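As structure tokens, the structure follows; a few thoughts come after it.
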Amino acid sequence: MTTFGRFTVSIHDHGAYRLDGGAMFGSVPRVIWSGLIPADEDNRIRLATNSLIVETGERRFLVDVGCGDKWSDKRRGIYGVEPVVSPPGAADVTDVILTHLHFDHAGGLSRRIPGAGQEVEPCYPGARVHLQEANLEVARTPGPRERASYLAENLAVLERTPPALARGSAELVPGLWVHRSDGHTRGLQWVEVRGGGTTIAFPSDLIPTSRHLPVPYAMGYDMHVELLLEEKAEFLRRAVAGDWIVVFVHDPDVPAARIKVDERGHYAVREAVEL
Ligand SMILES: [Zn+2]
């Protein structure tokens, strides 16, 4: 937990899951990525679902909510989903910021009602949900490449209680910003928390782990790779110039770090940061 300006910020991991290592590293050869993150016997790597918790005194923001537990045994096995770990103070969450509606970021927004079949209920019933309008649109009508990531079951509670929709950058409370990015998926929003001379940024799947800091290390899941590389380069240029603390949504080992340009000209971790 770190306090700066009017904010108290901490990180919570909702629970691990696993994705194919090759898909996570796109065109990076296995001989390189497997030396960075070890793969299991099914070629999968273990990933965190880290949330940023931002408290202002009156409000408690939760940024992304993990995979949730609406999983069939078959899909739970495919993705190696581990049991959900609820964040501290879940009942007091006033605002949920979803960076985008892929299942590993938004699945934890709802859970099945025991004994009620496929019926779901919100996990944060008192909270207002914040989302980019463009992302809600794409989640309602995903193309063939994203259909496995945007699940209708994760939209149900949003159709009942409409979220607050942003179009581009927006300041939710003084010093807490969301910014739109379209490279990973249309209408992703990354989060910037600024106060007392410190900036903490949560790029979400723009840079999913500290191992993805080199600009060309994009994911096979990225929809618009060239755009992603431009957005990522601009984000990292600002992160180094501003000495930002960057929080990595899927990194189980280095959830937060300050960034440097190394001797070969690549972005890299300067120092891990404990929040
Ligand atoms: Zn993700």
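Ligands are numbered from 1 in the order shown, chains are lettered A, B, ... in the order of the structure tokens, and residues start at 1 in each chain.
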- Pick out the residues no farther than 9 Å from ligand 1, counting only C-alpha atoms and all ligand atoms, and list them as a PyMOL selection string. chain A and resi 49+66+100+102-105+204-205+208+249-250
Output N, CA, C and O atoms for every residue in that selection, as a compact mmCIF listing (two decimals), in the first residue's frame.
# COMPACT_ATOMS: atom_id res chain seq x y z
N THR A 49 -3.85 -12.00 -12.30
CA THR A 49 -4.88 -11.03 -12.70
C THR A 49 -4.85 -9.92 -11.65
O THR A 49 -5.67 -9.87 -10.74
N GLY A 66 -10.40 -9.50 -12.70
CA GLY A 66 -9.97 -10.89 -12.86
C GLY A 66 -10.96 -11.75 -13.63
O GLY A 66 -11.92 -11.27 -14.23
N HIS A 100 -11.10 -3.28 -20.22
CA HIS A 100 -11.83 -3.79 -21.38
C HIS A 100 -12.57 -5.04 -20.92
O HIS A 100 -12.39 -5.50 -19.79
N HIS A 102 -12.56 -8.25 -22.04
CA HIS A 102 -12.04 -9.62 -22.19
C HIS A 102 -12.23 -10.36 -20.86
O HIS A 102 -12.15 -9.76 -19.79
N PHE A 103 -12.44 -11.68 -20.94
CA PHE A 103 -12.86 -12.43 -19.75
C PHE A 103 -11.87 -12.35 -18.59
O PHE A 103 -12.26 -12.45 -17.44
N ASP A 104 -10.57 -12.20 -18.92
CA ASP A 104 -9.58 -12.19 -17.84
C ASP A 104 -9.47 -10.83 -17.16
O ASP A 104 -8.68 -10.65 -16.23
N HIS A 105 -10.29 -9.86 -17.59
CA HIS A 105 -10.32 -8.53 -16.97
C HIS A 105 -11.69 -8.22 -16.38
O HIS A 105 -11.79 -7.42 -15.45
N SER A 204 -2.72 -2.11 -18.48
CA SER A 204 -3.52 -3.28 -18.84
C SER A 204 -2.81 -4.05 -19.95
O SER A 204 -1.59 -4.18 -19.93
N ASP A 205 -3.53 -4.54 -20.94
CA ASP A 205 -2.90 -5.41 -21.95
C ASP A 205 -2.08 -4.65 -22.99
O ASP A 205 -1.55 -5.27 -23.91
N PRO A 208 1.26 -6.36 -20.84
CA PRO A 208 0.65 -7.25 -19.84
C PRO A 208 1.60 -7.70 -18.72
O PRO A 208 1.14 -7.95 -17.61
N VAL A 249 -0.69 -5.95 -15.28
CA VAL A 249 -1.90 -6.69 -14.92
C VAL A 249 -1.65 -8.20 -14.81
O VAL A 249 -2.21 -8.86 -13.94
N HIS A 250 -0.80 -8.76 -15.66
CA HIS A 250 -0.67 -10.22 -15.69
C HIS A 250 0.67 -10.74 -15.16
O HIS A 250 0.98 -11.91 -15.34
- Message: as number ranges by chain, please: every residue in region 35-258 of chain A that a backbone DSSP assignment puts in strand (DSSP E).
- Response: A: 44-47, 50-55, 60-63, 95-97, 110-112, 120-122, 128-132, 164-166, 170-173, 176-181, 188-195, 198-202, 245-247, 256-258
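Residues in contact range of Arg46 (chain A), defined as at most 9 Å between only C-alpha atoms, with sequence neighbours fewer than 3 positions away removed, read Ala16, Tyr17, Arg18, Leu19, Gly21, Ile37, Pro38, Ala39, Asp40, Gly80, His250, Asp251 and Pro252 of chain A.
In this model, the gap between CA of Gly126 (chain A) and CA of Asp95 (chain A) comes to 8.2 Å.
Residues surrounding Glu133 (chain A) within 8 Å are Glu137, Leu165, Ala166, Arg167 and Gly187 of chain A [only C-alpha atoms; sequence separation below 4 positions excluded].
Atom to atom, CA of Gly68 (chain A) and CA of Val247 (chain A) stand 20.4 Å apart.
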Applying 8 Å and only C-alpha atoms, which residues near Tyr150 (chain A) remain after dropping the ones on its own chain fewer than 4 positions away? List them as a PDB file with C-alpha atoms, in the first residue's frame.
ATOM      1  CA  LEU A 101     -14.317  -6.661 -21.361  1.00  0.00           C
ATOM      2  CA  HIS A 102     -12.045  -9.624 -22.188  1.00  0.00           C
ATOM      3  CA  PHE A 103     -12.864 -12.426 -19.746  1.00  0.00           C
ATOM      4  CA  ALA A 139     -17.923  -6.708 -26.842  1.00  0.00           C
ATOM      5  CA  ARG A 140     -21.564  -6.897 -27.968  1.00  0.00           C
ATOM      6  CA  PRO A 142     -17.095  -9.347 -31.454  1.00  0.00           C
ATOM      7  CA  GLU A 146     -12.217 -12.104 -30.295  1.00  0.00           C
ATOM      8  CA  ASN A 154     -19.875 -11.043 -18.753  1.00  0.00           C
TER       9      ASN A 154
END
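Between Leu236 (chain A) and the residues A:Val261, A:Val193, A:Leu109, A:Ile32, the shortest atom-to-atom distance, using only C-alpha atoms, involves A:Val261.
We find CA of Ala134 (chain A) and CA of Leu188 (chain A) to be spaced 8.3 Å apart.
Counting only C-alpha atoms, the residue from A:Ile259, A:Met223, A:Val157, A:Val178 that sits nearest to Thr99 (chain A) is A:Val178.
The nearest approach to Ala201 (chain A) among the residues A:His224, A:His184, A:Arg258, A:Arg44, with only C-alpha atoms taken into account, belongs to A:Arg258.
Shortest atom-to-atom contact with Glu121 (chain A) among A:Ser181, A:Ser51, A:Thr161, A:Thr198: A:Thr161, counting only C-alpha atoms.
When the distance limit is 10 Å and only C-alpha atoms are what count, the residues near region 209-211 of chain A, minus those fewer than 6 positions from it on the same chain, are Met24, Phe25, Trp33, Leu36, Ile37, Leu47, Ala48, Pro203, Tyr217, Val246, Val247, Phe248, Val249, His250, Asp251, Pro252, Asp253, Val254, Pro255, Ala256, Ala257, Ile259, Tyr267, Ala268, Val269 and Ala272 of chain A.
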